[in-house]
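Visitor: Before I ask anything, let me first share the structure, which is written out below as structure tokens.
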Amino acid sequence: MSDLDLVGAEEVVIDAIINGRRVNRRVPARQHLADFLRQDLELTGTHLGCEHGICGACTVLLDGRAVRSCLMLAAQISGKSVDTVEGMSANGKLAELQRAFIRHNAAQCGFCSSGILLTAYELITAGEVMSRADIREFMSGNLCRCTGYHAIIDAIASVMESPKPETGA
Amino acid sequence: MKARNFRYIRPHSLDHTYRILQNEGAEAIPVAGGQSLLPGLNMRLSAPKLLVDLGDLQELTSIAHTDREVRLGALTRHCDLLRSKIVREKLPLLKQAAAHIGHVAIRNRGTLGGSLAYADPAAELPACSVALDAILVLGGLAGEREVRAEDFFKGLFETDLRPGELILAVRFPLPEKKATVGFAELARRHGDFSLVGLAAVAALEDAKITQARLVYFGCNDHAKLARTVSQVVTGVRLPLADNTAFEKAVEQDLQPYDTPGLRADTRIHMAKVLTRRVLNSLPGGQSA
């Protein structure tokens with residue numbers, strides 16, 4: 001037990017799955033996940049607004065759940081899987097959301113869109129049909145400074161309500 | 001802004017964690033969900049030398065119950081409070097409160113233990129733990145000890161935690177069968193930190209309050225039982241009318257500060273409004 005590390009290190013080796021691909025990197029301990037995604041992996045679809053957890057622009061999925069990538073360290077994702085907007089369209093569900101956003105004109109400047117899409121993705125994959133008020137509450141942590149909220153909720157509700165092909169309903 | 005440089009370590013056992021904390025002293029900060037700590041690091045409000053990530057300590061994640069209590073591990077996340085069947089059925093106050101903590105992405109990371117250890121005076125869970133008369137299980141190299149929530153919160157961001165100690169779990173005694181709970185908070189936008197909030201546990205008979213534990217948050221420098229209000233409303237038949245003795249009691253129990261944008265007397269007024277709102281909407285409170 002005497003050789004147990006008690007002091008830690010300013011650089012940490014991480015081994016994680018990002019957008020379905022294994023990533024093994026050395027990162028500074030102080031680097032937050034959003035900077036790691038944008039600067040080291042050049043996944044610039046994740047946007048940084050406030051950098052202290054208020055705006056929601058940097059939302060990504062950690063093991064399938066929406067989290068703020070500015071409020072996590074890159075060092076903390078080791079052993080976990082992270083999905084960003086870049087990696088999410090291949091499976092069809094996000095693409096469906098993205099099409100709905102275009103259909104409903106739910107993006108104006110687009111800065112908040114990637115965070116909003118990923119938060120909505122957690123909502124859609126939960127598989128529940130929710131009231132408009134509940135969708136608004138679920139999405140309330142993502143700010144849109146163009147204030148296009150109605151169109152955004154319309155787009156999400158349309159995907160939620162559309163019958164799933166596999167059920168044939 | 002970006003965080004200052006620090007070292008990082010993610011221990012795999014409690015004992016290892018205790019030894020790290022002892023070795024590093026006050027320069028080390030444990031991080032659980034990090035939803036208060038990380039903003040503080042990004043804004044350079046705090047600059048620890050070492051961050052000790054508790055994320056791998058599986059022994060802190062369990063939710064268990066007996067017929068007397070529910071024991072929640074310190075790493076129980078706010079989203080777990082919303083989803084857990086045990087919490088929903090046995091501790092509805094915590095479920096109601098969790099819905100008010102931040103937003104989805106914050107609740108997916110933030111933890112019960114983290115919220116209690118941070119002891120923000122405007123936070124929901126410290127108030128709920130006092131209202132429910134919870135017992136905190138603390139651990140360190142010297143062993144484990146238990147502290148009542150009421151004695152745990154000492155002041156503004158100040159707790160009974162000793163250097164090198166962690167919150168391991170929180171034991172919530174099951175309220176009596178007749179007990180009912182109420183919760184409400186006022187914030188400028190939903191999900192913001194509350195301006196004023198109230199967590200209440202009460203027993204009712206025929207719309208008459210026979211027991212009450214009321215804890216306000218956002219109104220004092222730390223979570224504490226509002227003794228006078230709790231006493232004054234005991235014996236009162238609902239609905240609570242205006243201008244009754246409880247209003248004086250609220251003024252006595254709460255010591256809010258003036259803050260930019262909100263005067264202390266406005267907070268007191270809001271606390272009175274919330275008291276009526278919460279008590280009058282208790283299940284069984286309208287039968288009179």
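Ordering of the structure tokens sets the chain letters (A, B, ...), residue numbers begin anew at 1 in every chain, and ligands are numbered from 1 in the order given.
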Would you give me, as a PDB file with C-alpha atoms, in the first residue's frame, the residues of chain B that come within 8 Å of chain A, using only C-alpha atoms?

Guide:
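Result file follows (part_27.pdb):
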```
ATOM      1  CA  MET B   1     -11.985  32.105 -17.883  1.00  0.00           C
ATOM      2  CA  LYS B   2     -10.103  28.862 -17.399  1.00  0.00           C
ATOM      3  CA  ALA B   3      -9.255  27.094 -14.192  1.00  0.00           C
ATOM      4  CA  ARG B   4      -5.855  27.525 -12.622  1.00  0.00           C
ATOM      5  CA  ASN B   5      -3.459  24.630 -12.751  1.00  0.00           C
ATOM      6  CA  PHE B   6      -4.081  21.810 -10.308  1.00  0.00           C
ATOM      7  CA  ARG B   7      -3.297  18.160  -9.876  1.00  0.00           C
ATOM      8  CA  TYR B   8      -5.979  15.507 -10.294  1.00  0.00           C
ATOM      9  CA  ILE B   9      -6.440  12.073  -8.808  1.00  0.00           C
ATOM     10  CA  HIS B  16      -7.021   5.620  -0.452  1.00  0.00           C
ATOM     11  CA  ARG B  19      -4.985   9.032   2.863  1.00  0.00           C
ATOM     12  CA  ILE B  20      -4.808  11.434  -0.049  1.00  0.00           C
ATOM     13  CA  ASN B  23      -1.485  13.856   2.963  1.00  0.00           C
ATOM     14  CA  GLU B  24      -2.559  16.989   1.105  1.00  0.00           C
ATOM     15  CA  GLY B  34     -18.657  19.233  -9.597  1.00  0.00           C
ATOM     16  CA  GLN B  35     -21.634  21.382 -10.595  1.00  0.00           C
ATOM     17  CA  LEU B  38     -16.304  23.550 -11.578  1.00  0.00           C
ATOM     18  CA  PRO B  39     -17.936  26.957 -12.180  1.00  0.00           C
ATOM     19  CA  GLY B  40     -15.891  28.186  -9.208  1.00  0.00           C
ATOM     20  CA  ASN B  42     -13.511  28.259 -14.183  1.00  0.00           C
ATOM     21  CA  MET B  43     -14.093  31.659 -12.607  1.00  0.00           C
ATOM     22  CA  LEU B  50      -5.321  18.900  -5.850  1.00  0.00           C
ATOM     23  CA  ASP B  53     -12.423  12.890  -7.831  1.00  0.00           C
ATOM     24  CA  GLY B 102     -30.737  23.567 -11.735  1.00  0.00           C
ATOM     25  CA  HIS B 103     -31.644  21.924 -15.013  1.00  0.00           C
ATOM     26  CA  VAL B 104     -31.519  18.451 -16.526  1.00  0.00           C
ATOM     27  CA  ALA B 105     -27.810  18.507 -17.368  1.00  0.00           C
ATOM     28  CA  ILE B 106     -26.943  19.789 -13.889  1.00  0.00           C
ATOM     29  CA  ASN B 108     -27.454  14.452 -14.255  1.00  0.00           C
ATOM     30  CA  ARG B 109     -24.146  15.269 -12.511  1.00  0.00           C
ATOM     31  CA  HIS B 190     -37.281  28.158 -12.918  1.00  0.00           C
ATOM     32  CA  GLY B 191     -33.960  26.437 -12.297  1.00  0.00           C
TER      33      GLY B 191
END
```

Visitor: Give me the residues within 12 Å of A:Gly45 as a list in words, counting only C-alpha atoms and dropping any in the same chain fewer than 3 places off.

Guide: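 Within the cut-off, the hits are Ala34, Asp35, Leu37, Arg38, Gln39, Leu41, Glu42, Leu48, Ala57, Cys58, Thr59, Val60, Asp83, Thr84, Val85, Glu86, Gly87, Met88, Gly110, Phe111, Cys112, Ser113, Ser114, Gly115, Ile116, Leu117 and Leu118 of chain A.
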
Visitor: Could you write out that same residue set with C-alpha atoms as a short mmCIF file (atom, residue, chain, number, x, y, z; two decimals), in the first residue's frame?

Guide:
```cif
data_model
loop_
_atom_site.label_atom_id
_atom_site.label_comp_id
_atom_site.auth_asym_id
_atom_site.auth_seq_id
_atom_site.Cartn_x
_atom_site.Cartn_y
_atom_site.Cartn_z
CA ALA A 34 -15.43 21.29 -23.95
CA ASP A 35 -11.92 22.65 -24.58
CA LEU A 37 -13.30 18.36 -27.62
CA ARG A 38 -12.82 21.61 -29.49
CA GLN A 39 -9.08 22.15 -29.29
CA LEU A 41 -10.12 16.69 -31.15
CA GLU A 42 -11.28 19.60 -33.32
CA LEU A 48 -18.88 27.40 -25.46
CA ALA A 57 -24.46 25.57 -25.41
CA CYS A 58 -21.74 23.06 -24.53
CA THR A 59 -24.14 20.22 -23.63
CA VAL A 60 -22.88 16.77 -24.69
CA ASP A 83 -21.23 11.82 -27.71
CA THR A 84 -21.17 15.18 -29.40
CA VAL A 85 -23.36 16.59 -32.14
CA GLU A 86 -20.83 15.43 -34.76
CA GLY A 87 -21.25 11.80 -33.88
CA MET A 88 -24.96 11.64 -33.39
CA GLY A 110 -27.45 28.22 -34.59
CA PHE A 111 -25.11 28.85 -31.69
CA CYS A 112 -27.30 27.03 -29.16
CA SER A 113 -28.45 24.33 -31.57
CA SER A 114 -25.90 21.60 -30.85
CA GLY A 115 -26.53 21.78 -27.10
CA ILE A 116 -30.28 21.90 -27.64
CA LEU A 117 -30.19 18.93 -30.02
CA LEU A 118 -28.30 16.79 -27.50
#
```

Visitor: Taking the chain letters and numbering used in this document, name the residues of stretch 8-158 of chain A that DSSP puts in alpha helix (DSSP H), as JSON, numbers by chain.

Guide: {"A": [33, 34, 35, 93, 94, 95, 96, 97, 98, 99, 100, 101, 102, 103, 113, 114, 115, 116, 117, 118, 119, 120, 121, 122, 123, 124, 125, 132, 133, 134, 135, 136, 137, 138, 149, 150, 151, 152, 153, 154, 155, 156, 157, 158]}

Visitor: Rank B:Ala28, B:Ala187, B:Val201, B:Leu72 by their smallest atom-to-atom distance to B:Ala47, using only C-alpha atoms, and report the top residue only.

Guide: B:Ala28

Visitor: List every residue of stretch 44-107 of chain A that DSSP, applied to the backbone of this structure, assigns to strand (DSSP E or B), and report them as a count of residues only.

Guide: 12

Visitor: Any idea what's packed within 8 Å of stretch 247-251 of chain B, counting only C-alpha atoms, ignoring anything in its chain fewer than 3 positions away? Could you give it as a list in words?

Guide: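 The filter keeps Ala226, Thr228, Val229, Val232, Asn243, Thr244, Leu254, Gln255, Ile268, Ala271 and Lys272 of chain B.
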
Visitor: Enter the distance from atom CA of B:Leu60 to atom CA of B:His12, in Å, rounded to one decimal.

Guide: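 Rounded to one decimal, the two atoms are 11.5 Å apart.
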
Visitor: May I ask for the distance between atom CA of B:Glu69 and atom CA of B:Leu156, given in Å to one decimal place?

Guide: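 Interatomic distance, atom CA of B:Glu69 to atom CA of B:Leu156: 28.7 Å.
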
Visitor: When you count only C-alpha atoms, which of these residues is closest to B:Ala32: B:Val278, B:Leu136, B:Leu82, B:Leu168?

Guide: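 Once distances to B:Ala32 are computed over only C-alpha atoms, the minimum belongs to B:Leu168.
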
Visitor: Quick one: everything within 12 Å of stretch 234-242 of chain B, counting only C-alpha atoms, minus sequence neighbours fewer than 6 positions away in the same chain. Send it as a compact mmCIF listing (two decimals) with N, CA and C atoms, in the first residue's frame.

Guide:
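The resulting file, part39.txt, is shown below:
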```
# COMPACT_ATOMS: atom_id res chain seq x y z
N VAL B 201 -42.28 19.48 6.63
CA VAL B 201 -42.77 18.16 6.98
C VAL B 201 -43.79 18.38 8.09
N ALA B 202 -44.99 17.87 7.93
CA ALA B 202 -46.03 18.13 8.93
C ALA B 202 -46.93 16.91 9.09
N ALA B 203 -47.53 16.82 10.28
CA ALA B 203 -48.55 15.80 10.50
C ALA B 203 -49.87 16.52 10.66
N LEU B 204 -50.90 16.02 9.99
CA LEU B 204 -52.21 16.67 10.02
C LEU B 204 -53.27 15.71 10.55
N GLU B 205 -54.17 16.27 11.35
CA GLU B 205 -55.35 15.50 11.73
C GLU B 205 -56.54 16.40 11.48
N ASP B 206 -57.40 15.97 10.56
CA ASP B 206 -58.59 16.77 10.31
C ASP B 206 -58.23 18.21 9.94
N ALA B 207 -57.24 18.36 9.07
CA ALA B 207 -56.79 19.69 8.63
C ALA B 207 -56.14 20.51 9.75
N LYS B 208 -55.92 19.86 10.91
CA LYS B 208 -55.22 20.57 11.98
C LYS B 208 -53.78 20.06 12.03
N ILE B 209 -52.84 21.00 12.10
CA ILE B 209 -51.43 20.62 12.15
C ILE B 209 -51.09 20.14 13.56
N THR B 210 -50.61 18.90 13.66
CA THR B 210 -50.27 18.39 14.99
C THR B 210 -48.76 18.37 15.21
N GLN B 211 -48.02 18.44 14.12
CA GLN B 211 -46.55 18.47 14.21
C GLN B 211 -46.04 19.18 12.98
N ALA B 212 -44.94 19.93 13.12
CA ALA B 212 -44.41 20.59 11.93
C ALA B 212 -42.91 20.82 12.06
N ARG B 213 -42.24 20.63 10.95
CA ARG B 213 -40.83 21.02 10.84
C ARG B 213 -40.70 21.82 9.56
N LEU B 214 -40.49 23.11 9.72
CA LEU B 214 -40.36 23.99 8.56
C LEU B 214 -38.91 24.49 8.45
N ARG B 227 -37.72 27.27 14.22
CA ARG B 227 -38.35 26.75 15.44
C ARG B 227 -39.64 27.48 15.80
N THR B 228 -39.59 28.80 15.75
CA THR B 228 -40.77 29.57 16.17
C THR B 228 -41.95 29.30 15.24
N LYS B 248 -45.39 36.96 12.47
CA LYS B 248 -44.39 37.44 13.44
C LYS B 248 -43.28 36.41 13.60
N HIS B 269 -41.29 38.99 3.24
CA HIS B 269 -42.64 38.96 2.68
C HIS B 269 -42.84 37.70 1.86
N LYS B 272 -43.39 34.67 3.94
CA LYS B 272 -44.75 34.57 4.49
C LYS B 272 -45.70 34.02 3.42
N VAL B 273 -45.56 34.53 2.21
CA VAL B 273 -46.41 34.05 1.11
C VAL B 273 -46.20 32.55 0.91
N LEU B 274 -44.92 32.14 0.93
CA LEU B 274 -44.62 30.72 0.72
C LEU B 274 -45.17 29.85 1.85
N THR B 275 -45.10 30.38 3.08
CA THR B 275 -45.59 29.60 4.22
C THR B 275 -47.07 29.28 4.01
N ARG B 276 -47.85 30.32 3.67
CA ARG B 276 -49.28 30.10 3.41
C ARG B 276 -49.47 29.13 2.26
N ARG B 277 -48.71 29.35 1.20
CA ARG B 277 -48.88 28.53 -0.01
C ARG B 277 -48.58 27.06 0.28
N VAL B 278 -47.47 26.83 0.97
CA VAL B 278 -47.05 25.44 1.21
C VAL B 278 -47.99 24.75 2.19
N LEU B 279 -48.28 25.42 3.31
CA LEU B 279 -49.12 24.76 4.32
C LEU B 279 -50.54 24.56 3.79
N ASN B 280 -51.07 25.56 3.11
CA ASN B 280 -52.46 25.43 2.62
C ASN B 280 -52.60 24.42 1.51
N SER B 281 -51.49 24.07 0.89
CA SER B 281 -51.62 23.06 -0.17
C SER B 281 -51.17 21.67 0.30
N LEU B 282 -50.92 21.52 1.60
CA LEU B 282 -50.57 20.18 2.10
C LEU B 282 -51.74 19.23 1.83
N PRO B 283 -51.43 18.00 1.44
CA PRO B 283 -52.52 17.05 1.23
C PRO B 283 -53.30 16.91 2.54
N GLY B 284 -54.61 17.08 2.50
CA GLY B 284 -55.41 17.00 3.73
C GLY B 284 -55.64 18.36 4.35
N GLY B 285 -54.98 19.39 3.83
CA GLY B 285 -55.09 20.72 4.39
C GLY B 285 -56.37 21.44 3.97
N GLN B 286 -57.04 20.93 2.93
CA GLN B 286 -58.22 21.65 2.43
C GLN B 286 -59.54 21.05 2.93
N SER B 287 -59.44 20.01 3.73
CA SER B 287 -60.69 19.31 4.08
C SER B 287 -61.56 20.11 5.04
N ALA B 288 -60.98 21.18 5.63
CA ALA B 288 -61.78 21.95 6.59
C ALA B 288 -62.82 22.79 5.85
```

Visitor: Of the residues B:Ala64, B:Leu81, B:Val170, B:Leu93, which is the one nearest to B:Ala149, using only C-alpha atoms?

Guide: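 Residue with the minimum atom-to-atom distance to B:Ala149: B:Val170.
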
Visitor: Can you tell me which residues surround A:Ala100 at a distance of at most 12 Å, considering only C-alpha atoms, apart from same-chain residues fewer than 4 positions away, and format the answer as a list in words?

Guide: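 My reading of the contact set: Lys93, Leu94, Ala95, Glu96, His104, Asn105, Ala106, Ala107, Leu117, Ala120, Ala151, Ile152, Ile153, Asp154, Ala155, Ile156, Ala157, Ser158, Val159, Met160, Glu161 and Ser162 of chain A.
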
Visitor: Could you please determine the separation between atom CA of B:Ile101 and atom CA of B:Ser84 in Å, to one decimal place?

Guide: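 Value for the atom CA of B:Ile101-atom CA of B:Ser84 distance: 16.1 Å.
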